[in-house]
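S.K.: So I've got this file, model38.txt, and it contains compact mmCIF, C-alpha atoms:
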# COMPACT_ATOMS: atom_id res chain seq x y z
CA MET A 258 26.38 -114.98 34.25
CA LYS A 259 23.70 -114.32 36.81
CA TYR A 260 25.01 -110.73 37.27
CA LEU A 261 24.86 -110.14 33.50
CA VAL A 262 21.20 -111.16 33.38
CA THR A 263 20.40 -108.82 36.25
CA ALA A 264 22.19 -105.94 34.53
CA LEU A 265 20.36 -106.51 31.25
CA SER A 266 17.02 -106.61 33.04
CA LEU A 267 17.76 -103.18 34.53
CA PHE A 268 18.38 -101.68 31.10
CA ALA A 269 15.14 -103.15 29.84
CA LEU A 270 12.95 -101.18 32.30
CA PRO A 271 10.67 -98.58 30.48
CA ALA A 272 11.41 -94.78 30.89
CA LEU A 273 8.63 -92.63 32.40
CA ALA A 274 8.10 -88.85 32.22
CA ASN A 275 5.23 -86.41 32.98
CA VAL A 276 4.90 -83.61 30.42
CA PRO A 277 2.74 -80.68 31.56
CA ILE A 278 0.37 -78.89 29.24
CA THR A 279 -0.64 -75.38 30.27
CA GLY A 280 -3.01 -72.89 28.74
CA THR A 281 -4.49 -69.51 29.58
CA VAL A 282 -8.00 -68.38 28.84
CA GLU A 283 -8.51 -64.64 28.92
CA ALA A 284 -11.78 -63.41 30.26
CA LYS A 285 -14.08 -62.36 27.44
CA CYS A 286 -16.56 -60.69 29.78
CA VAL A 287 -15.42 -58.35 32.52
CA ILE A 288 -17.65 -56.54 34.99
CA GLN A 289 -16.50 -53.25 36.48
CA THR A 290 -18.20 -51.04 39.03
CA THR A 291 -18.13 -47.57 37.55
CA LYS A 292 -19.95 -45.84 40.37
CA ASP A 293 -21.27 -46.91 43.75
CA GLY A 294 -24.87 -46.14 44.59
CA VAL A 295 -26.18 -44.08 47.46
CA TYR A 296 -29.61 -44.25 49.07
CA GLY A 297 -31.44 -41.01 49.51
CA ASN A 298 -34.03 -40.62 52.25
CA PRO A 299 -36.73 -38.34 50.80
CA ILE A 300 -39.27 -39.35 53.46
CA ALA A 301 -38.77 -41.18 56.74
CA SER A 302 -40.12 -44.46 55.46
CA LYS A 303 -38.32 -44.57 52.10
CA LEU A 304 -34.81 -45.15 50.84
CA SER A 305 -34.20 -44.62 47.14
CA THR A 306 -31.26 -44.37 44.74
CA THR A 307 -33.20 -42.13 42.37
CA PRO A 308 -31.50 -38.75 41.97
CA ALA A 309 -34.85 -37.03 42.45
CA ASP A 310 -34.97 -38.60 45.90
CA GLY A 311 -31.45 -37.46 46.71
CA GLY A 312 -29.86 -40.75 45.83
CA VAL A 313 -27.15 -41.85 43.39
CA LEU A 314 -27.68 -44.62 40.89
CA PRO A 315 -24.99 -47.31 40.87
CA VAL A 316 -23.40 -47.87 37.46
CA ILE A 317 -21.94 -51.16 36.27
CA ARG A 318 -19.95 -51.67 33.08
CA PHE A 319 -19.82 -54.89 31.12
CA ASP A 320 -16.84 -55.24 28.77
CA VAL A 321 -17.43 -58.01 26.25
CA SER A 322 -14.81 -58.94 23.69
CA LEU A 323 -16.77 -61.83 22.18
CA ALA A 324 -20.05 -60.90 20.54
CA ASP A 325 -23.28 -62.83 21.09
CA SER A 326 -21.85 -65.16 23.70
CA TYR A 327 -23.01 -63.75 27.03
CA THR A 328 -25.99 -62.34 28.86
CA ALA A 329 -25.74 -59.72 31.56
CA ASN A 330 -27.87 -60.70 34.54
CA ILE A 331 -28.36 -57.87 37.01
CA THR A 332 -30.44 -58.32 40.15
CA HIS A 333 -31.61 -55.38 42.16
CA PRO A 334 -31.62 -55.88 45.94
CA THR A 335 -34.49 -57.34 47.92
CA SER A 336 -32.89 -57.10 51.31
CA PHE A 337 -30.37 -55.03 53.19
CA SER A 338 -26.96 -56.58 53.58
CA THR A 339 -26.39 -54.44 56.66
CA SER A 340 -28.93 -52.42 58.57
CA PRO A 341 -30.21 -51.76 62.07
CA THR A 342 -32.65 -54.27 63.44
CA LEU A 343 -35.96 -53.91 61.65
CA ASN A 344 -39.16 -55.28 63.12
CA ASP A 345 -41.41 -54.70 60.15
CA THR A 346 -41.44 -55.69 56.51
CA VAL A 347 -39.68 -53.78 53.75
CA ALA A 348 -41.20 -53.40 50.31
CA TRP A 349 -38.58 -53.48 47.55
CA THR A 350 -38.76 -52.20 44.01
CA GLY A 351 -36.06 -51.79 41.40
CA SER A 352 -35.11 -51.73 37.76
CA THR A 353 -32.01 -51.80 35.55
CA SER A 354 -31.47 -49.99 32.28
CA VAL A 355 -28.76 -49.28 29.71
CA THR A 356 -27.30 -45.83 30.28
CA GLN A 357 -24.27 -45.76 28.01
CA THR A 358 -22.86 -47.87 25.22
CA SER A 359 -19.67 -48.04 23.20
CA VAL A 360 -21.53 -49.14 20.08
CA ALA A 361 -24.69 -47.49 18.85
CA GLY A 362 -26.34 -50.85 18.19
CA MET A 363 -26.14 -51.70 21.89
CA SER A 364 -28.92 -49.23 22.41
CA ALA A 365 -31.23 -52.03 21.31
CA TYR A 366 -30.36 -53.94 24.48
CA GLU A 367 -32.81 -51.83 26.42
CA ALA A 368 -35.80 -52.75 24.29
CA ALA A 369 -34.80 -56.40 24.26
CA LYS A 370 -34.22 -56.83 27.98
CA VAL A 371 -36.09 -59.48 29.88
CA VAL A 372 -37.17 -58.99 33.49
CA VAL A 373 -37.57 -62.08 35.61
CA GLU A 374 -38.69 -61.21 39.10
CA ASN A 375 -35.85 -59.08 40.48
CA THR A 376 -33.38 -59.92 37.74
CA THR A 377 -33.00 -58.07 34.45
CA ILE A 378 -31.36 -60.01 31.62
CA PHE A 379 -29.62 -58.28 28.70
CA ASP A 380 -28.46 -60.20 25.65
CA LEU A 381 -24.97 -58.93 24.87
CA THR A 382 -25.02 -59.43 21.13
CA LEU A 383 -22.24 -56.94 20.33
CA ALA A 384 -18.65 -56.68 21.43
CA GLY A 385 -17.83 -53.59 23.42
CA SER A 386 -18.70 -51.87 26.66
CA THR A 387 -22.15 -51.33 28.05
CA TRP A 388 -23.02 -49.30 31.13
CA PHE A 389 -26.02 -50.30 33.22
CA SER A 390 -27.55 -48.42 36.12
CA THR A 391 -29.85 -49.93 38.70
CA ALA A 392 -32.53 -48.10 40.59
CA SER A 393 -33.50 -49.45 43.98
CA SER A 394 -36.17 -48.36 46.43
CA ALA A 395 -37.08 -49.67 49.87
CA THR A 396 -40.22 -48.66 51.78
CA TYR A 397 -40.66 -49.60 55.40
CA GLY A 398 -43.83 -51.35 56.44
CA SER A 399 -46.95 -49.30 56.89
CA SER A 400 -45.04 -46.10 56.23
CA LYS A 401 -43.21 -46.39 59.50
CA PRO A 402 -39.99 -44.39 59.70
CA PHE A 403 -36.80 -46.34 59.21
CA VAL A 404 -34.73 -46.92 62.31
CA GLY A 405 -31.72 -44.66 62.42
CA GLY A 406 -28.48 -46.22 61.24
CA VAL A 407 -26.54 -47.24 58.15
CA TYR A 408 -28.27 -49.27 55.47
CA THR A 409 -26.42 -51.20 52.81
CA ALA A 410 -27.79 -53.26 49.93
CA LEU A 411 -26.06 -55.04 47.08
CA VAL A 412 -26.77 -55.19 43.37
CA GLN A 413 -25.71 -58.54 41.96
CA ALA A 414 -24.30 -58.51 38.43
CA SER A 415 -23.15 -61.61 36.59
CA CYS A 416 -22.05 -62.46 33.09
CA ILE A 417 -23.59 -65.74 31.99
CA ALA A 418 -22.28 -67.63 28.98
CA LYS A 419 -25.03 -68.56 26.53
CA MET B 259 23.05 -59.27 53.20
CA ARG B 260 22.14 -55.62 53.80
CA GLN B 261 24.88 -54.51 51.39
CA ARG B 262 23.51 -56.78 48.68
CA LEU B 263 20.02 -55.43 49.20
CA ALA B 264 21.36 -51.90 48.88
CA TRP B 265 23.04 -52.81 45.59
CA VAL B 266 19.85 -54.34 44.25
CA LEU B 267 17.86 -51.24 45.17
CA PHE B 268 20.49 -49.05 43.57
CA LEU B 269 20.41 -51.02 40.32
CA VAL B 270 16.61 -50.96 40.24
CA ALA B 271 16.53 -47.21 40.80
CA LEU B 272 19.38 -46.46 38.41
CA PRO B 273 17.35 -46.19 35.20
CA SER B 274 15.06 -43.60 36.72
CA TYR B 275 18.05 -41.38 37.36
CA CYS B 276 19.72 -41.96 34.01
CA TYR B 277 16.72 -41.44 31.79
CA SER B 278 14.28 -38.59 31.78
CA GLU B 279 11.53 -38.65 29.22
CA PRO B 280 11.26 -35.42 27.23
CA TYR B 281 7.47 -35.76 26.99
CA THR B 282 4.70 -34.28 29.03
CA TYR B 283 1.09 -35.32 28.62
CA GLY B 284 -2.20 -33.51 28.85
CA THR B 285 -5.85 -33.47 27.87
CA THR B 286 -7.90 -30.81 26.22
CA GLY B 287 -11.15 -29.47 27.49
CA ASN B 288 -14.43 -30.37 25.84
CA ALA B 289 -13.99 -29.41 22.20
CA ALA B 290 -17.76 -29.61 21.60
CA SER B 291 -18.79 -27.53 24.58
CA VAL B 292 -19.91 -24.60 22.46
CA SER B 293 -20.95 -26.17 19.18
CA LEU B 294 -20.67 -29.38 17.19
CA GLY B 295 -17.78 -27.92 15.15
CA TRP B 296 -14.45 -26.78 16.51
CA GLY B 297 -10.98 -25.71 15.49
CA MET B 298 -8.01 -27.48 16.97
CA ASP B 299 -6.04 -24.29 17.51
CA SER B 300 -8.50 -23.18 20.15
CA ILE B 301 -8.20 -26.31 22.28
CA LEU B 302 -4.57 -27.43 21.92
CA PRO B 303 -1.63 -25.60 23.48
CA SER B 304 -0.10 -23.23 20.98
CA ILE B 305 3.43 -24.56 21.20
CA ALA B 306 5.56 -26.65 18.88
CA GLY B 307 5.98 -30.39 19.34
CA VAL B 308 2.38 -31.32 20.21
CA ASP B 309 1.18 -34.78 19.13
CA ILE B 310 -2.29 -36.19 19.63
CA ASN B 311 -2.28 -39.68 21.07
CA GLY B 312 -5.93 -40.27 21.91
CA LEU B 313 -9.50 -39.16 21.46
CA LEU B 314 -12.60 -39.75 23.55
CA TYR B 315 -16.13 -38.76 22.76
CA ARG B 316 -19.53 -39.12 24.33
CA TYR B 317 -22.92 -37.89 23.26
CA THR B 318 -26.60 -38.70 23.68
CA THR B 319 -28.92 -39.21 20.77
CA ILE B 320 -32.55 -38.14 20.87
CA LYS B 321 -34.46 -40.03 18.22
CA ASP B 322 -37.37 -42.22 17.28
CA PRO B 323 -36.32 -45.88 17.63
CA ASP B 324 -37.59 -46.62 14.14
CA ALA B 325 -35.86 -43.67 12.50
CA ASP B 326 -32.65 -43.93 10.54
CA MET B 327 -29.84 -41.91 11.99
CA LYS B 328 -26.07 -41.82 11.67
CA VAL B 329 -23.66 -39.71 13.65
CA HIS B 330 -20.21 -38.93 12.26
CA VAL B 331 -17.43 -37.75 14.56
CA GLY B 332 -14.20 -36.71 12.88
CA ASN B 333 -11.43 -34.28 12.06
CA LEU B 334 -10.46 -33.11 8.63
CA ASN B 335 -6.95 -33.79 7.41
CA ALA B 336 -5.14 -30.47 7.52
CA ASN B 337 -2.51 -31.71 5.09
CA GLY B 338 -4.83 -32.95 2.38
CA ASP B 339 -8.26 -34.20 1.46
CA GLY B 340 -10.44 -36.40 3.60
CA TYR B 341 -10.31 -37.03 7.30
CA ILE B 342 -7.46 -37.77 9.64
CA PHE B 343 -10.00 -39.32 12.01
CA ARG B 344 -13.53 -40.44 11.29
CA GLU B 345 -15.96 -42.58 13.23
CA THR B 346 -19.59 -43.28 12.37
CA ASP B 347 -22.24 -44.55 14.77
CA ASP B 348 -25.30 -46.04 13.13
CA TRP B 349 -28.35 -45.51 15.31
CA SER B 350 -30.83 -46.67 12.67
CA GLY B 351 -33.56 -48.83 14.11
CA VAL B 352 -32.46 -48.49 17.71
CA ALA B 353 -33.51 -46.22 20.49
CA GLY B 354 -31.51 -43.17 21.34
CA ASN B 355 -28.94 -43.51 24.09
CA THR B 356 -25.63 -42.24 25.32
CA ILE B 357 -22.55 -43.53 23.61
CA VAL B 358 -18.97 -43.41 24.85
CA LYS B 359 -15.97 -44.24 22.70
CA SER B 360 -12.26 -43.82 23.08
CA PHE B 361 -9.54 -44.28 20.49
CA PRO B 362 -5.77 -44.45 20.84
CA VAL B 363 -3.96 -42.51 18.13
CA SER B 364 -0.35 -43.06 17.20
CA ASN B 365 1.03 -39.64 18.12
CA ILE B 366 -0.11 -37.72 15.08
CA PRO B 367 1.28 -34.16 14.99
CA ALA B 368 -1.27 -31.55 15.95
CA SER B 369 -0.57 -29.66 12.73
CA SER B 370 -2.15 -32.52 10.77
CA TRP B 371 -5.49 -32.22 12.57
CA GLY B 372 -7.98 -30.03 10.82
CA THR B 373 -11.37 -28.83 11.91
CA GLY B 374 -13.35 -31.27 14.06
CA SER B 375 -17.09 -31.86 13.96
CA ILE B 376 -20.03 -34.04 14.95
CA GLU B 377 -22.40 -34.42 12.00
CA VAL B 378 -25.88 -35.92 12.12
CA GLU B 379 -27.22 -37.76 9.11
CA GLY B 380 -30.89 -38.71 9.22
CA ASP B 381 -33.56 -37.99 11.78
CA GLY B 382 -32.58 -37.23 15.32
CA ARG B 383 -30.31 -34.92 17.22
CA VAL B 384 -27.25 -35.03 19.42
CA GLU B 385 -27.12 -33.60 22.92
CA ASP B 386 -24.53 -33.31 25.67
CA ALA B 387 -21.63 -33.90 23.32
CA VAL B 388 -18.17 -34.23 24.83
CA VAL B 389 -15.02 -34.59 22.74
CA ILE B 390 -11.67 -34.71 24.51
CA TYR B 391 -8.24 -35.14 22.97
CA THR B 392 -5.21 -36.42 24.81
CA TYR B 393 -1.90 -35.06 23.64
CA ARG B 394 1.81 -35.32 24.18
CA VAL B 395 4.26 -32.41 24.18
CA ASP B 396 7.85 -33.03 23.15
CA LYS B 397 9.87 -30.39 24.91
CA CYS B 398 12.88 -31.38 22.79
CA TYR B 399 11.05 -30.85 19.50
CA ASP B 400 13.46 -27.97 19.17
CA PRO B 401 16.66 -29.30 20.78
CA GLN B 402 17.82 -25.74 21.42
CA SER B 403 14.85 -25.15 23.71
CA ASP B 404 16.46 -26.99 26.61
CA PRO B 405 20.13 -27.75 27.40
CA SER B 406 19.10 -31.23 28.58
CA CYS B 407 17.81 -32.20 25.12
CA ALA B 408 19.78 -34.53 22.92
CA GLY B 409 21.36 -32.60 20.08
CA TYR B 410 21.53 -29.37 22.01
CA VAL B 411 24.34 -27.18 20.77
CA LYS B 412 25.60 -24.45 22.99
CA PRO B 413 24.86 -21.24 21.11
CA MET B 414 27.78 -19.06 20.13
CA PRO B 415 27.44 -15.35 20.85
CA GLU B 416 27.15 -13.16 17.78
CA LEU B 417 30.37 -11.24 17.33
CA PRO B 418 30.07 -7.67 16.08
CA GLU B 419 31.76 -7.06 12.76
CA VAL B 420 34.69 -4.73 13.28
CA VAL B 421 36.07 -2.77 10.35
CA VAL B 422 39.83 -2.37 10.76
CA TYR B 423 41.21 0.82 9.37
CA ASP B 424 44.53 0.28 7.68
CA ALA B 425 46.17 3.63 7.23
CA LEU B 426 48.56 2.24 4.68
CA GLU B 427 45.64 1.48 2.40
CA ASP B 428 44.26 4.98 2.68
CA ASP B 429 44.93 6.79 -0.60
CA SER B 430 45.34 10.11 1.12
CA VAL B 431 47.97 8.70 3.44
CA VAL B 432 49.75 6.95 0.62
CA ASP B 433 49.80 10.11 -1.46
CA THR B 434 51.18 12.03 1.44
CA LEU B 435 53.89 9.48 2.13
CA GLU B 436 54.89 9.37 -1.51
CA ALA B 437 55.15 13.14 -1.82
CA GLU B 438 58.71 14.32 -2.52
CA GLU B 439 58.47 17.44 -0.40
CA PHE B 440 59.15 15.34 2.71
CA GLN B 441 62.42 13.61 3.24
CA TYR B 442 63.28 11.16 5.96
CA ASP B 443 66.55 10.02 7.38
CA GLU B 444 67.61 6.45 8.04
CA ASP B 445 65.69 6.39 11.28
CA GLY B 446 62.51 7.47 9.56
CA LYS B 447 62.56 10.95 11.00
CA LEU B 448 61.46 13.86 8.91
CA ILE B 449 64.33 16.00 7.66
CA LEU B 450 63.48 19.66 7.99
CA SER B 451 65.18 22.58 6.28
CA GLU B 452 66.56 25.53 8.30
CA GLU B 453 63.89 27.91 7.11
CA GLU B 454 61.21 25.55 8.18
CA GLU B 455 62.88 25.15 11.56
CA GLU B 456 63.05 28.90 11.95
CA GLU B 457 59.48 29.24 10.82
CA ASP B 458 58.44 26.61 13.30
CA THR B 459 60.25 28.51 16.05
CA ARG B 460 58.30 31.64 15.26
CA ILE B 461 55.12 29.72 15.31
CA GLU B 462 56.06 28.16 18.60
CA MET B 463 56.74 31.59 20.05
CA GLY B 464 53.47 32.86 18.83
CA LEU B 465 51.68 29.93 20.32
CA THR B 466 53.55 30.42 23.59
CA ALA B 467 52.59 34.08 23.72
CA SER B 468 48.99 33.32 23.08
CA ALA B 469 49.09 30.57 25.69
CA ASN B 470 50.51 32.99 28.21
CA ALA B 471 47.89 35.55 27.39
CA LEU B 472 45.22 32.96 27.82
CA THR B 473 46.74 31.93 31.13
CA LEU B 474 46.68 35.52 32.31
CA PHE B 475 43.13 35.91 31.29
CA LYS B 476 42.31 32.67 32.98
CA ALA B 477 43.90 33.86 36.22
CA GLN B 478 42.02 37.13 35.91
CA GLY B 479 38.85 35.21 35.44
CA GLN B 480 39.50 33.18 38.54
CA ASP B 481 40.06 36.33 40.55
CA ASP B 482 36.79 37.73 39.32
CA ILE B 483 35.04 34.55 40.37
CA ILE B 484 36.57 34.64 43.84
CA MET B 485 35.61 38.28 44.24
CA ALA B 486 32.11 37.53 43.17
CA ILE B 487 31.95 34.73 45.69
CA ASN B 488 33.23 37.01 48.42
CA GLN B 489 30.68 39.62 47.55
CA GLN B 490 28.00 37.01 47.97
CA THR B 491 29.21 36.10 51.44
CA ASN B 492 26.58 36.93 53.97
CA ILE B 493 28.27 39.20 56.47
CA ALA B 494 25.08 40.47 57.95
CA MET B 495 25.37 37.89 60.70
CA TYR B 496 28.31 39.80 62.11
CA TYR B 497 26.32 43.01 62.28
CA ASN B 498 23.39 41.25 63.77
CA ALA B 499 25.40 39.64 66.52
CA ASN B 500 24.70 41.13 69.91
CA ILE B 501 27.22 41.37 72.66
CA ASN B 502 25.82 41.37 76.08
CA GLY B 503 26.42 44.65 77.85
CA GLY B 504 28.26 45.08 81.08
CA THR B 505 31.50 46.24 82.49
CA LEU B 506 34.71 44.55 81.72
CA ASN B 507 37.02 45.35 84.56
CA ASP B 508 40.72 45.45 84.11
CA ALA B 509 41.93 42.64 86.19
CA ALA B 510 45.57 42.87 85.18
CA GLY B 511 47.80 44.58 87.64
CA LEU B 512 51.39 45.60 87.29
CA GLN B 513 53.28 45.53 90.46
CA ASP B 514 55.91 48.12 91.10
CA GLY B 515 59.35 47.08 90.04
CA THR B 516 61.81 47.06 87.19
CA ILE B 517 61.18 45.38 83.94
CA PRO B 518 64.48 44.41 82.38
CA ASP B 519 65.09 44.87 78.68
CA ASN B 520 64.66 41.85 76.56
CA LYS B 521 68.09 41.29 75.16
CA LYS B 522 66.96 38.89 72.53
CA ALA B 523 64.46 41.43 71.29
CA LEU B 524 67.06 44.10 71.23
CA ARG B 525 69.31 41.93 69.16
CA ASN B 526 66.58 41.21 66.82
CA ASN B 527 65.67 44.86 66.48
CA LEU B 528 69.23 45.73 65.75
CA ALA B 529 69.44 43.11 63.10
CA GLN B 530 66.29 44.42 61.50
CA GLN B 531 67.65 47.93 61.65
CA ILE B 532 70.91 46.90 60.02
CA LEU B 533 69.08 45.11 57.29
CA HIS B 534 66.88 48.13 56.73
CA GLU B 535 69.83 50.41 56.46
CA GLN B 536 71.53 48.11 54.00
CA MET B 537 68.47 48.16 51.82
CA VAL B 538 68.33 51.93 51.93
CA ASP B 539 71.98 52.18 51.07
CA MET B 540 71.48 49.91 48.13
CA GLN B 541 69.24 52.56 46.65
CA TYR B 542 72.11 54.95 46.64
CA ASP B 543 74.61 52.37 45.50
CA LYS B 544 76.53 52.82 48.68
If you took the structure in this file and wrote it as structure tokens, what would it be?
M.R.:
Amino acid sequence: MKYLVTALSLFALPALANVPITGTVEAKCVIQTTKDGVYGNPIASKLSTTPADGGVLPVIRFDVSLADSYTANITHPTSFSTSPTLNDTVAWTGSTSVTQTSVAGMSAYEAAKVVVENTTIFDLTLAGSTWFSTASSATYGSSKPFVGGVYTALVQASCIAK
Amino acid sequence: MRQRLAWVLFLVALPSYCYSEPYTYGTTGNAASVSLGWGMDSILPSIAGVDINGLLYRYTTIKDPDADMKVHVGNLNANGDGYIFRETDDWSGVAGNTIVKSFPVSNIPASSWGTGSIEVEGDGRVEDAVVIYTYRVDKCYDPQSDPSCAGYVKPMPELPEVVVYDALEDDSVVDTLEAEEFQYDEDGKLILSEEEEEEDTRIEMGLTASANALTLFKAQGQDDIIMAINQQTNIAMYYNANINGGTLNDAAGLQDGTIPDNKKALRNNLAQQILHEQMVDMQYDK
């Protein structure tokens, strides 16, 4: 009798199971580097990506598949990521503009851009691809010549959900 | 383990050996390099089996931001009215800029693509236009173009038409065979009368005589040719040859003694003499 009670109590235990739920979210905003930039050295104290100064403008493409949901925030550099040791200050300037679009209406991004310090913000109101190029210039303090070596700076681009 | 790996690699690589795609792909040059209107014949390869599977364009608009402007990029439908491809960019109220667009197309035959153009509607202009088509070429569009194509049939050589002449269907031959003047025996040989045989004999003799005469003339002709050749022989070289002068002394010496008669020569001379005499006697029937 005692065994029967024990057996029945075993059958009465509740069943447990963990059921997974998975999902995938595809990126609706993708950033691609179309072209790397190159600093030109028109005078000893200046580095510039402007083609007139012998430089190459970097080009970044934003692919947005969801309209009016993101802003493109692009920050031009204010320091070298790699460089020889510099003992003086460097004056930085820069700007970002729309160079190509996949929809004619995206041309309005340029007029509507907002510049906050070193960051340019574009409201991506249309779905499609937009190409941005960033100009960057660095001038060494008091027009001193830059120290010989390799200089590298980074443009930071990010896609921010509204 | 290594054998299994080899089998796996073999099976993975097998499809690439068993299947070869009959398509090759390419891109055109800039169709709008010269003007904003272009014909497809001038940019696509002029071969059969070309399909267009993509289009890319880029241009820059120069305009007042407040102006209304539309740009139409398209190709007329070569097989009917309207356009086979048409895209419109509305630049109204926005600043000019560079636009880039690409479109996949579902392998539309090149023959269906009519004249292409970039048209501007409104105020503004288009600069630096680039229009590029991507295409696919089916090398088996005509299966007979390549023995590796599906449906290829080995061509048969064209046989010349030979007209066989059947003599038995020739009216002239039939009339001749049916003529009663000829008679044939059981073996199919022509039966000739005696007169005809005699006549044939005379003809044969005549032909023989003429053949002999011709042979004689031919031999005479050959003699003339040989004589002519001999006359042309350059014998001057013999007259021109010089023999060095000098004295040629007689070195032979005959020692005193007796030279015996050659008996064999004597016998031979006698035999010749006898034969000569017999021949002379024959003239007198001796």
S.K.: Select all residues from chain B having any atom no more than 8 Å from an atom of chain A (counting all atoms listed in the file, ignoring ligands), output as a list of chain:residue names.
M.R.: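 Result: B:Asp347, B:Asp348, B:Trp349, B:Val352, B:Ala353, B:Gly354, B:Asn355, B:Thr356, B:Ile357, B:Val358, B:Lys359.
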S.K.: Could you give me, as a list of chain:residue names, the residues within 8 Å of B:Pro367, counting all atoms listed in the file and dropping anything in the same chain fewer than 6 positions from it?
M.R.: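 The filter keeps B:Gly307, B:Val308, B:Asp309, B:Ile310.
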S.K.: With distances taken over all atoms listed in the file, which residue among A:Ala329, A:Ala309, A:Pro315, A:Lys303 lies nearest A:Ser399?
M.R.: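 Distance minimum relative to A:Ser399 lands on A:Lys303.
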S.K.: So which one's closest to B:Ser304, B:Ala368, B:Ile449, B:Ala336, B:Met540? Using all atoms listed in the file, please.
M.R.: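 Distance minimum relative to B:Ser304 lands on B:Ala368.
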S.K.: Can you tell me, as number ranges by chain, what residues are no more than 10 Å from A:Leu323 when counting all atoms listed in the file, ignoring any on the same chain fewer than 3 positions away?
M.R.: A: 284-286, 320, 326-327, 381-385
S.K.: Could you please give me, as a list of chain:residue names, the residues of protein, DNA or RNA lying at most 7 Å from (10.7, -33.6, 20.8) in the coordinate frame of the file, considering only C-alpha atoms?
M.R.: B:Pro280, B:Gly307, B:Asp396, B:Lys397, B:Cys398, B:Tyr399, B:Asp400
S.K.: Grab the atom CA of A:Ile331 to atom CA of A:Ser393 distance for me, in Å with one decimal place.
M.R.: 12.1 Å
S.K.: In Å to one decimal, how far is atom CA of B:Glu279 from atom CA of B:Val395?
M.R.: 10.8 Å
S.K.: Applying 10 Å and only C-alpha atoms, which residues near A:Gly405 remain after dropping the ones on its own chain fewer than 4 positions away? List them as a PyMOL selection string.
M.R.: chain A and resi 301+340-342
S.K.: For the residues in the current selection, export C-alpha atoms as a PDB file, keeping the file's coordinate frame.
M.R.:
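Dumped everything to result19.pdb:
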ATOM      1  CA  ALA A 301     -38.770 -41.180  56.740  1.00  0.00           C
ATOM      2  CA  SER A 340     -28.930 -52.420  58.570  1.00  0.00           C
ATOM      3  CA  PRO A 341     -30.210 -51.760  62.070  1.00  0.00           C
ATOM      4  CA  THR A 342     -32.650 -54.270  63.440  1.00  0.00           C
TER       5      THR A 342
END
S.K.: Give me the residues within 12 Å of A:Asn330 as a PyMOL selection string, counting all atoms listed in the file and dropping any in the same chain fewer than 6 places off.
M.R.: chain A and resi 288+317+319+352-354+370-381+389+391+412-419
S.K.: Between atom CA of B:Thr373 and atom CA of B:Asn335, what distance in Å does the model show, to one decimal?
M.R.: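 The value is 8.0 Å.
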S.K.: If I only have part of stretch 371-382 of chain A, can you fill in N, CA and C atoms and write it as a compact mmCIF listing (two decimals), keeping the file's coordinate frame?
M.R.:
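Result file is out.txt:
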# COMPACT_ATOMS: atom_id res chain seq x y z
N VAL A 371 -35.08 -58.60 29.31
CA VAL A 371 -36.09 -59.48 29.88
C VAL A 371 -36.00 -59.35 31.39
N VAL A 372 -37.15 -59.13 32.04
CA VAL A 372 -37.17 -58.99 33.49
C VAL A 372 -37.82 -60.24 34.09
N VAL A 373 -37.08 -60.90 34.91
CA VAL A 373 -37.57 -62.08 35.61
C VAL A 373 -37.48 -61.80 37.10
N GLU A 374 -38.63 -61.58 37.69
CA GLU A 374 -38.69 -61.21 39.10
C GLU A 374 -37.76 -60.01 39.36
N ASN A 375 -36.72 -60.21 40.14
CA ASN A 375 -35.85 -59.08 40.48
C ASN A 375 -34.62 -58.99 39.56
N THR A 376 -34.56 -59.87 38.60
CA THR A 376 -33.38 -59.92 37.74
C THR A 376 -33.73 -59.43 36.34
N THR A 377 -32.84 -58.56 35.82
CA THR A 377 -33.00 -58.07 34.45
C THR A 377 -31.90 -58.71 33.60
N ILE A 378 -32.31 -59.28 32.48
CA ILE A 378 -31.36 -60.01 31.62
C ILE A 378 -31.21 -59.25 30.31
N PHE A 379 -29.92 -58.96 29.97
CA PHE A 379 -29.62 -58.28 28.70
C PHE A 379 -28.81 -59.25 27.83
N ASP A 380 -29.19 -59.35 26.60
CA ASP A 380 -28.46 -60.20 25.65
C ASP A 380 -27.34 -59.37 25.03
N LEU A 381 -26.12 -59.72 25.35
CA LEU A 381 -24.97 -58.93 24.87
C LEU A 381 -24.57 -59.44 23.48
N THR A 382 -25.23 -58.94 22.48
CA THR A 382 -25.02 -59.43 21.13
C THR A 382 -23.84 -58.76 20.42
